[in-house]
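Next comes input.pdb, with PDB, N, CA and C atoms.
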```
ATOM      1  N   MET W   1       0.847  -1.176   0.000  1.00  0.00           N
ATOM      2  CA  MET W   1       0.000   0.000   0.000  1.00  0.00           C
ATOM      3  C   MET W   1       0.892   1.237   0.000  1.00  0.00           C
ATOM      4  N   GLU W   2       0.527   2.209  -0.802  1.00  0.00           N
ATOM      5  CA  GLU W   2       1.273   3.458  -0.900  1.00  0.00           C
ATOM      6  C   GLU W   2       1.241   4.176   0.458  1.00  0.00           C
ATOM      7  N   LEU W   3       2.347   4.817   0.838  1.00  0.00           N
ATOM      8  CA  LEU W   3       2.513   5.408   2.173  1.00  0.00           C
ATOM      9  C   LEU W   3       1.399   6.386   2.534  1.00  0.00           C
ATOM     10  N   ASN W   4       1.035   7.314   1.642  1.00  0.00           N
ATOM     11  CA  ASN W   4       0.004   8.296   1.972  1.00  0.00           C
ATOM     12  C   ASN W   4      -1.356   7.635   2.184  1.00  0.00           C
ATOM     13  N   ASN W   5      -1.693   6.634   1.368  1.00  0.00           N
ATOM     14  CA  ASN W   5      -2.958   5.914   1.553  1.00  0.00           C
ATOM     15  C   ASN W   5      -2.952   5.161   2.870  1.00  0.00           C
ATOM     16  N   HIS W   6      -1.826   4.544   3.185  1.00  0.00           N
ATOM     17  CA  HIS W   6      -1.716   3.810   4.450  1.00  0.00           C
ATOM     18  C   HIS W   6      -1.879   4.757   5.628  1.00  0.00           C
ATOM     19  N   GLN W   7      -1.237   5.901   5.549  1.00  0.00           N
ATOM     20  CA  GLN W   7      -1.305   6.892   6.622  1.00  0.00           C
ATOM     21  C   GLN W   7      -2.728   7.408   6.799  1.00  0.00           C
ATOM     22  N   GLY W   8      -3.423   7.689   5.697  1.00  0.00           N
ATOM     23  CA  GLY W   8      -4.803   8.152   5.777  1.00  0.00           C
ATOM     24  C   GLY W   8      -5.726   7.106   6.358  1.00  0.00           C
ATOM     25  N   TRP W   9      -5.533   5.862   5.936  1.00  0.00           N
ATOM     26  CA  TRP W   9      -6.356   4.769   6.452  1.00  0.00           C
ATOM     27  C   TRP W   9      -6.119   4.591   7.950  1.00  0.00           C
ATOM     28  N   TYR W  10      -4.866   4.705   8.393  1.00  0.00           N
ATOM     29  CA  TYR W  10      -4.545   4.606   9.817  1.00  0.00           C
ATOM     30  C   TYR W  10      -5.266   5.690  10.609  1.00  0.00           C
ATOM     31  N   GLY W  11      -5.232   6.932  10.132  1.00  0.00           N
ATOM     32  CA  GLY W  11      -5.900   8.029  10.835  1.00  0.00           C
ATOM     33  C   GLY W  11      -7.399   7.812  10.945  1.00  0.00           C
ATOM     34  N   GLU W  12      -8.031   7.375   9.846  1.00  0.00           N
ATOM     35  CA  GLU W  12      -9.473   7.114   9.865  1.00  0.00           C
ATOM     36  C   GLU W  12      -9.808   5.972  10.820  1.00  0.00           C
ATOM     37  N   THR W  13      -8.988   4.920  10.811  1.00  0.00           N
ATOM     38  CA  THR W  13      -9.229   3.775  11.691  1.00  0.00           C
ATOM     39  C   THR W  13      -9.057   4.172  13.153  1.00  0.00           C
ATOM     40  N   PHE W  14      -8.078   5.013  13.449  1.00  0.00           N
ATOM     41  CA  PHE W  14      -7.855   5.480  14.814  1.00  0.00           C
ATOM     42  C   PHE W  14      -9.062   6.271  15.315  1.00  0.00           C
ATOM     43  N   VAL W  15      -9.550   7.206  14.502  1.00  0.00           N
ATOM     44  CA  VAL W  15     -10.716   8.009  14.882  1.00  0.00           C
ATOM     45  C   VAL W  15     -11.945   7.107  15.056  1.00  0.00           C
ATOM     46  N   ALA W  16     -12.124   6.144  14.164  1.00  0.00           N
ATOM     47  CA  ALA W  16     -13.264   5.219  14.253  1.00  0.00           C
ATOM     48  C   ALA W  16     -13.214   4.411  15.545  1.00  0.00           C
ATOM     49  N   ALA W  17     -12.026   3.979  15.954  1.00  0.00           N
ATOM     50  CA  ALA W  17     -11.896   3.200  17.190  1.00  0.00           C
ATOM     51  C   ALA W  17     -12.265   4.033  18.413  1.00  0.00           C
ATOM     52  N   ILE W  18     -11.816   5.279  18.447  1.00  0.00           N
ATOM     53  CA  ILE W  18     -12.150   6.174  19.570  1.00  0.00           C
ATOM     54  C   ILE W  18     -13.657   6.439  19.601  1.00  0.00           C
ATOM     55  N   ALA W  19     -14.245   6.689  18.432  1.00  0.00           N
ATOM     56  CA  ALA W  19     -15.684   6.951  18.361  1.00  0.00           C
ATOM     57  C   ALA W  19     -16.482   5.733  18.803  1.00  0.00           C
ATOM     58  N   ALA W  20     -16.069   4.546  18.383  1.00  0.00           N
ATOM     59  CA  ALA W  20     -16.769   3.325  18.781  1.00  0.00           C
ATOM     60  C   ALA W  20     -16.672   3.120  20.294  1.00  0.00           C
ATOM     61  N   ALA W  21     -15.519   3.408  20.868  1.00  0.00           N
ATOM     62  CA  ALA W  21     -15.358   3.293  22.314  1.00  0.00           C
ATOM     63  C   ALA W  21     -16.244   4.278  23.062  1.00  0.00           C
ATOM     64  N   ALA W  22     -16.574   5.403  22.421  1.00  0.00           N
ATOM     65  CA  ALA W  22     -17.453   6.412  23.031  1.00  0.00           C
ATOM     66  C   ALA W  22     -18.929   6.105  22.793  1.00  0.00           C
ATOM     67  N   GLY W  23     -19.212   4.981  22.118  1.00  0.00           N
ATOM     68  CA  GLY W  23     -20.596   4.565  21.942  1.00  0.00           C
ATOM     69  C   GLY W  23     -21.247   5.000  20.635  1.00  0.00           C
ATOM     70  N   PHE W  24     -20.457   5.460  19.678  1.00  0.00           N
ATOM     71  CA  PHE W  24     -20.998   5.871  18.387  1.00  0.00           C
ATOM     72  C   PHE W  24     -21.003   4.711  17.402  1.00  0.00           C
ATOM     73  N   GLN W  25     -21.970   4.691  16.512  1.00  0.00           N
ATOM     74  CA  GLN W  25     -21.946   3.808  15.359  1.00  0.00           C
ATOM     75  C   GLN W  25     -21.085   4.508  14.321  1.00  0.00           C
ATOM     76  N   VAL W  26     -20.232   3.765  13.634  1.00  0.00           N
ATOM     77  CA  VAL W  26     -19.311   4.349  12.657  1.00  0.00           C
ATOM     78  C   VAL W  26     -19.645   3.798  11.279  1.00  0.00           C
ATOM     79  N   VAL W  27     -19.807   4.701  10.315  1.00  0.00           N
ATOM     80  CA  VAL W  27     -20.121   4.320   8.941  1.00  0.00           C
ATOM     81  C   VAL W  27     -19.123   4.990   8.012  1.00  0.00           C
ATOM     82  N   VAL W  28     -18.611   4.237   7.039  1.00  0.00           N
ATOM     83  CA  VAL W  28     -17.761   4.797   5.992  1.00  0.00           C
ATOM     84  C   VAL W  28     -18.644   4.997   4.766  1.00  0.00           C
ATOM     85  N   PRO W  29     -18.905   6.245   4.366  1.00  0.00           N
ATOM     86  CA  PRO W  29     -19.794   6.488   3.236  1.00  0.00           C
ATOM     87  C   PRO W  29     -19.239   5.919   1.922  1.00  0.00           C
ATOM     88  N   TYR W  30     -20.123   5.356   1.138  1.00  0.00           N
ATOM     89  CA  TYR W  30     -19.756   4.868  -0.195  1.00  0.00           C
ATOM     90  C   TYR W  30     -20.866   5.221  -1.147  1.00  0.00           C
ATOM     91  N   PRO W  31     -20.628   5.903  -2.207  1.00  0.00           N
ATOM     92  CA  PRO W  31     -19.326   6.381  -2.663  1.00  0.00           C
ATOM     93  C   PRO W  31     -18.825   7.547  -1.812  1.00  0.00           C
ATOM     94  N   ASP W  32     -17.550   7.832  -1.943  1.00  0.00           N
ATOM     95  CA  ASP W  32     -16.923   8.917  -1.186  1.00  0.00           C
ATOM     96  C   ASP W  32     -17.535  10.245  -1.612  1.00  0.00           C
ATOM     97  N   MET W  33     -18.177  10.917  -0.666  1.00  0.00           N
ATOM     98  CA  MET W  33     -18.841  12.196  -0.953  1.00  0.00           C
ATOM     99  C   MET W  33     -18.114  13.361  -0.264  1.00  0.00           C
ATOM    100  N   GLY W  34     -16.805  13.192  -0.014  1.00  0.00           N
ATOM    101  CA  GLY W  34     -16.036  14.248   0.627  1.00  0.00           C
ATOM    102  C   GLY W  34     -15.979  14.125   2.138  1.00  0.00           C
ATOM    103  N   LYS W  35     -16.657  13.145   2.702  1.00  0.00           N
ATOM    104  CA  LYS W  35     -16.608  12.881   4.136  1.00  0.00           C
ATOM    105  C   LYS W  35     -16.007  11.494   4.322  1.00  0.00           C
ATOM    106  N   ASP W  36     -15.109  11.366   5.292  1.00  0.00           N
ATOM    107  CA  ASP W  36     -14.440  10.094   5.514  1.00  0.00           C
ATOM    108  C   ASP W  36     -15.240   9.153   6.408  1.00  0.00           C
ATOM    109  N   LEU W  37     -15.900   9.708   7.427  1.00  0.00           N
ATOM    110  CA  LEU W  37     -16.654   8.902   8.379  1.00  0.00           C
ATOM    111  C   LEU W  37     -17.956   9.605   8.749  1.00  0.00           C
ATOM    112  N   MET W  38     -18.966   8.824   9.046  1.00  0.00           N
ATOM    113  CA  MET W  38     -20.212   9.336   9.611  1.00  0.00           C
ATOM    114  C   MET W  38     -20.373   8.647  10.965  1.00  0.00           C
ATOM    115  N   LEU W  39     -20.617   9.440  12.004  1.00  0.00           N
ATOM    116  CA  LEU W  39     -20.826   8.906  13.346  1.00  0.00           C
ATOM    117  C   LEU W  39     -22.259   9.176  13.760  1.00  0.00           C
ATOM    118  N   ALA W  40     -22.857   8.216  14.452  1.00  0.00           N
ATOM    119  CA  ALA W  40     -24.232   8.389  14.919  1.00  0.00           C
ATOM    120  C   ALA W  40     -24.390   7.705  16.275  1.00  0.00           C
ATOM    121  N   ARG W  41     -25.259   8.286  17.083  1.00  0.00           N
ATOM    122  CA  ARG W  41     -25.597   7.670  18.364  1.00  0.00           C
ATOM    123  C   ARG W  41     -27.071   7.916  18.617  1.00  0.00           C
ATOM    124  N   ASP W  42     -27.793   6.838  18.838  1.00  0.00           N
ATOM    125  CA  ASP W  42     -29.220   6.931  19.152  1.00  0.00           C
ATOM    126  C   ASP W  42     -29.398   7.044  20.657  1.00  0.00           C
ATOM    127  N   ASP W  43     -30.291   7.912  21.068  1.00  0.00           N
ATOM    128  CA  ASP W  43     -30.587   8.108  22.480  1.00  0.00           C
ATOM    129  C   ASP W  43     -32.044   7.725  22.720  1.00  0.00           C
ATOM    130  N   GLU W  44     -32.364   7.408  23.964  1.00  0.00           N
ATOM    131  CA  GLU W  44     -33.759   7.100  24.302  1.00  0.00           C
ATOM    132  C   GLU W  44     -34.659   8.291  24.043  1.00  0.00           C
ATOM    133  N   VAL W  45     -34.098   9.498  24.184  1.00  0.00           N
ATOM    134  CA  VAL W  45     -34.836  10.726  23.898  1.00  0.00           C
ATOM    135  C   VAL W  45     -34.469  11.141  22.465  1.00  0.00           C
ATOM    136  N   PRO W  46     -35.405  11.072  21.512  1.00  0.00           N
ATOM    137  CA  PRO W  46     -35.073  11.350  20.109  1.00  0.00           C
ATOM    138  C   PRO W  46     -34.396  12.706  19.865  1.00  0.00           C
ATOM    139  N   GLU W  47     -34.693  13.701  20.683  1.00  0.00           N
ATOM    140  CA  GLU W  47     -34.073  15.015  20.503  1.00  0.00           C
ATOM    141  C   GLU W  47     -32.577  14.991  20.791  1.00  0.00           C
ATOM    142  N   LEU W  48     -32.106  13.951  21.470  1.00  0.00           N
ATOM    143  CA  LEU W  48     -30.689  13.852  21.817  1.00  0.00           C
ATOM    144  C   LEU W  48     -29.905  12.950  20.858  1.00  0.00           C
ATOM    145  N   ASP W  49     -30.542  12.479  19.797  1.00  0.00           N
ATOM    146  CA  ASP W  49     -29.832  11.702  18.783  1.00  0.00           C
ATOM    147  C   ASP W  49     -28.747  12.572  18.146  1.00  0.00           C
ATOM    148  N   VAL W  50     -27.618  11.980  17.851  1.00  0.00           N
ATOM    149  CA  VAL W  50     -26.486  12.728  17.314  1.00  0.00           C
ATOM    150  C   VAL W  50     -26.026  12.095  16.001  1.00  0.00           C
ATOM    151  N   GLN W  51     -25.728  12.939  15.002  1.00  0.00           N
ATOM    152  CA  GLN W  51     -25.103  12.497  13.760  1.00  0.00           C
ATOM    153  C   GLN W  51     -24.004  13.491  13.411  1.00  0.00           C
ATOM    154  N   ILE W  52     -22.825  12.958  13.094  1.00  0.00           N
ATOM    155  CA  ILE W  52     -21.662  13.801  12.808  1.00  0.00           C
ATOM    156  C   ILE W  52     -20.992  13.282  11.534  1.00  0.00           C
ATOM    157  N   ALA W  53     -20.665  14.188  10.619  1.00  0.00           N
ATOM    158  CA  ALA W  53     -19.891  13.847   9.421  1.00  0.00           C
ATOM    159  C   ALA W  53     -18.467  14.359   9.636  1.00  0.00           C
ATOM    160  N   LEU W  54     -17.471  13.512   9.364  1.00  0.00           N
ATOM    161  CA  LEU W  54     -16.075  13.881   9.607  1.00  0.00           C
ATOM    162  C   LEU W  54     -15.220  13.747   8.358  1.00  0.00           C
ATOM    163  N   ARG W  55     -14.263  14.626   8.253  1.00  0.00           N
ATOM    164  CA  ARG W  55     -13.178  14.497   7.285  1.00  0.00           C
ATOM    165  C   ARG W  55     -11.910  14.369   8.129  1.00  0.00           C
ATOM    166  N   VAL W  56     -11.195  13.274   7.976  1.00  0.00           N
ATOM    167  CA  VAL W  56     -10.028  12.983   8.804  1.00  0.00           C
ATOM    168  C   VAL W  56      -8.762  13.222   7.994  1.00  0.00           C
ATOM    169  N   LYS W  57      -7.851  13.987   8.563  1.00  0.00           N
ATOM    170  CA  LYS W  57      -6.552  14.228   7.936  1.00  0.00           C
ATOM    171  C   LYS W  57      -5.460  13.822   8.916  1.00  0.00           C
ATOM    172  N   SER W  58      -4.470  13.114   8.423  1.00  0.00           N
ATOM    173  CA  SER W  58      -3.326  12.745   9.255  1.00  0.00           C
ATOM    174  C   SER W  58      -2.062  12.942   8.437  1.00  0.00           C
ATOM    175  N   ARG W  59      -0.986  13.248   9.136  1.00  0.00           N
ATOM    176  CA  ARG W  59       0.279  13.427   8.434  1.00  0.00           C
ATOM    177  C   ARG W  59       1.431  13.097   9.368  1.00  0.00           C
ATOM    178  N   ARG W  60       2.541  12.773   8.771  1.00  0.00           N
ATOM    179  CA  ARG W  60       3.743  12.447   9.520  1.00  0.00           C
ATOM    180  C   ARG W  60       4.597  13.703   9.575  1.00  0.00           C
ATOM    181  N   VAL W  61       5.034  14.059  10.768  1.00  0.00           N
ATOM    182  CA  VAL W  61       5.810  15.281  10.941  1.00  0.00           C
ATOM    183  C   VAL W  61       7.302  14.984  10.963  1.00  0.00           C
ATOM    184  N   ASP W  62       7.716  14.013  11.733  1.00  0.00           N
ATOM    185  CA  ASP W  62       9.132  13.678  11.884  1.00  0.00           C
ATOM    186  C   ASP W  62       9.319  12.170  11.850  1.00  0.00           C
ATOM    187  N   GLU W  63      10.562  11.757  11.794  1.00  0.00           N
ATOM    188  CA  GLU W  63      10.916  10.348  11.849  1.00  0.00           C
ATOM    189  C   GLU W  63      11.140   9.935  13.308  1.00  0.00           C
ATOM    190  N   PHE W  64      10.857   8.671  13.602  1.00  0.00           N
ATOM    191  CA  PHE W  64      11.084   8.134  14.935  1.00  0.00           C
ATOM    192  C   PHE W  64      12.083   6.991  14.850  1.00  0.00           C
ATOM    193  N   THR W  65      12.886   6.837  15.887  1.00  0.00           N
ATOM    194  CA  THR W  65      13.735   5.668  16.024  1.00  0.00           C
ATOM    195  C   THR W  65      13.451   5.051  17.383  1.00  0.00           C
ATOM    196  N   THR W  66      13.686   3.755  17.491  1.00  0.00           N
ATOM    197  CA  THR W  66      13.450   3.083  18.768  1.00  0.00           C
ATOM    198  C   THR W  66      14.666   3.253  19.662  1.00  0.00           C
ATOM    199  N   THR W  67      14.394   3.350  20.953  1.00  0.00           N
ATOM    200  CA  THR W  67      15.450   3.396  21.966  1.00  0.00           C
ATOM    201  C   THR W  67      15.188   2.248  22.921  1.00  0.00           C
ATOM    202  N   GLY W  68      16.020   2.098  23.912  1.00  0.00           N
ATOM    203  CA  GLY W  68      15.832   1.018  24.880  1.00  0.00           C
ATOM    204  C   GLY W  68      14.536   1.144  25.659  1.00  0.00           C
ATOM    205  N   SER W  69      14.044   2.385  25.828  1.00  0.00           N
ATOM    206  CA  SER W  69      12.849   2.588  26.638  1.00  0.00           C
ATOM    207  C   SER W  69      11.636   3.062  25.847  1.00  0.00           C
ATOM    208  N   GLY W  70      11.741   3.139  24.515  1.00  0.00           N
ATOM    209  CA  GLY W  70      10.579   3.601  23.743  1.00  0.00           C
ATOM    210  C   GLY W  70      10.987   4.139  22.390  1.00  0.00           C
ATOM    211  N   PHE W  71      10.535   5.360  22.105  1.00  0.00           N
ATOM    212  CA  PHE W  71      10.798   5.991  20.817  1.00  0.00           C
ATOM    213  C   PHE W  71      11.455   7.345  21.013  1.00  0.00           C
ATOM    214  N   LYS W  72      12.236   7.754  20.017  1.00  0.00           N
ATOM    215  CA  LYS W  72      12.873   9.063  20.037  1.00  0.00           C
ATOM    216  C   LYS W  72      12.540   9.747  18.707  1.00  0.00           C
ATOM    217  N   MET W  73      12.137  11.033  18.755  1.00  0.00           N
ATOM    218  CA  MET W  73      11.825  11.768  17.544  1.00  0.00           C
ATOM    219  C   MET W  73      13.109  12.402  16.996  1.00  0.00           C
ATOM    220  N   ASN W  74      13.360  12.167  15.722  1.00  0.00           N
ATOM    221  CA  ASN W  74      14.519  12.763  15.054  1.00  0.00           C
ATOM    222  C   ASN W  74      14.135  14.105  14.475  1.00  0.00           C
ATOM    223  N   ARG W  75      14.643  15.163  15.014  1.00  0.00           N
ATOM    224  CA  ARG W  75      14.357  16.515  14.500  1.00  0.00           C
ATOM    225  C   ARG W  75      15.301  16.822  13.350  1.00  0.00           C
ATOM    226  N   PRO W  76      14.794  17.500  12.297  1.00  0.00           N
ATOM    227  CA  PRO W  76      15.683  17.852  11.173  1.00  0.00           C
ATOM    228  C   PRO W  76      16.732  18.854  11.559  1.00  0.00           C
TER     229      PRO W  76
END
```
Please, can you express the file's structure as structure tokens?
Amino acid sequence: MELNNHQGWYGETFVAAIAAAAGFQVVVPYPDMGKDLMLARDDEVPELDVQIALRVKSRRVDEFTTTGSGFKMNRP
């Protein structure tokens, strides 16, 4: 998989996991209409139902290397 596509997919999957943990239903619209994810949550009170359309952007800022205790960011 091409790096930018992989990075975008990772960002969308990360946001979807957080939303699911918060109790939202997560939908990936097809065909792509400019929104990456749709989130929804039904409440017992219909006025409190929530629907959110998201566009997710992710990017890599710096390189990381592993150290004995974790990761280190390499600054240019």
### Task
Apply the PyMOL selection byres ((chain W and resi 58) around 6.5) to the structure shown and report the selected residues as a PyMOL selection string.
chain W and resi 7-8+11+56-57+59-60
Restricted to N, CA and C atoms, what would the selected residues look like written as a PDB file, keeping the file's coordinate frame?
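Full text of result_35.pdb as output:
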```pdb
ATOM      1  N   GLN W   7      -1.237   5.901   5.549  1.00  0.00           N
ATOM      2  CA  GLN W   7      -1.305   6.892   6.622  1.00  0.00           C
ATOM      3  C   GLN W   7      -2.728   7.408   6.799  1.00  0.00           C
ATOM      4  N   GLY W   8      -3.423   7.689   5.697  1.00  0.00           N
ATOM      5  CA  GLY W   8      -4.803   8.152   5.777  1.00  0.00           C
ATOM      6  C   GLY W   8      -5.726   7.106   6.358  1.00  0.00           C
ATOM      7  N   GLY W  11      -5.232   6.932  10.132  1.00  0.00           N
ATOM      8  CA  GLY W  11      -5.900   8.029  10.835  1.00  0.00           C
ATOM      9  C   GLY W  11      -7.399   7.812  10.945  1.00  0.00           C
ATOM     10  N   VAL W  56     -11.195  13.274   7.976  1.00  0.00           N
ATOM     11  CA  VAL W  56     -10.028  12.983   8.804  1.00  0.00           C
ATOM     12  C   VAL W  56      -8.762  13.222   7.994  1.00  0.00           C
ATOM     13  N   LYS W  57      -7.851  13.987   8.563  1.00  0.00           N
ATOM     14  CA  LYS W  57      -6.552  14.228   7.936  1.00  0.00           C
ATOM     15  C   LYS W  57      -5.460  13.822   8.916  1.00  0.00           C
ATOM     16  N   ARG W  59      -0.986  13.248   9.136  1.00  0.00           N
ATOM     17  CA  ARG W  59       0.279  13.427   8.434  1.00  0.00           C
ATOM     18  C   ARG W  59       1.431  13.097   9.368  1.00  0.00           C
ATOM     19  N   ARG W  60       2.541  12.773   8.771  1.00  0.00           N
ATOM     20  CA  ARG W  60       3.743  12.447   9.520  1.00  0.00           C
ATOM     21  C   ARG W  60       4.597  13.703   9.575  1.00  0.00           C
TER      22      ARG W  60
END
```
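Closest approach to Gln51 in chain W among W:Gly68, W:Ala21, W:Tyr10, W:Met38: W:Met38, based on only C-alpha atoms.
Atom pair atom C of Asp42 in chain W / atom N of Gly23 in chain W: separated by 10.5 Å.
Residues of chain W assigned to strand (DSSP E) by DSSP on this structure's backbone: Gln25, Val26, Val27, Leu37, Met38, Leu39, Ala40, Arg41, Val50, Gln51, Ile52, Ala53, Leu54, Glu63, Phe64, Thr65, Thr66, Thr67, Gly70, Phe71, Lys72, Met73 and Asn74 of chain W.
Atom pair atom C of Leu39 in chain W / CA of Val27 in chain W has a distance of 7.2 Å (rounded to one decimal).
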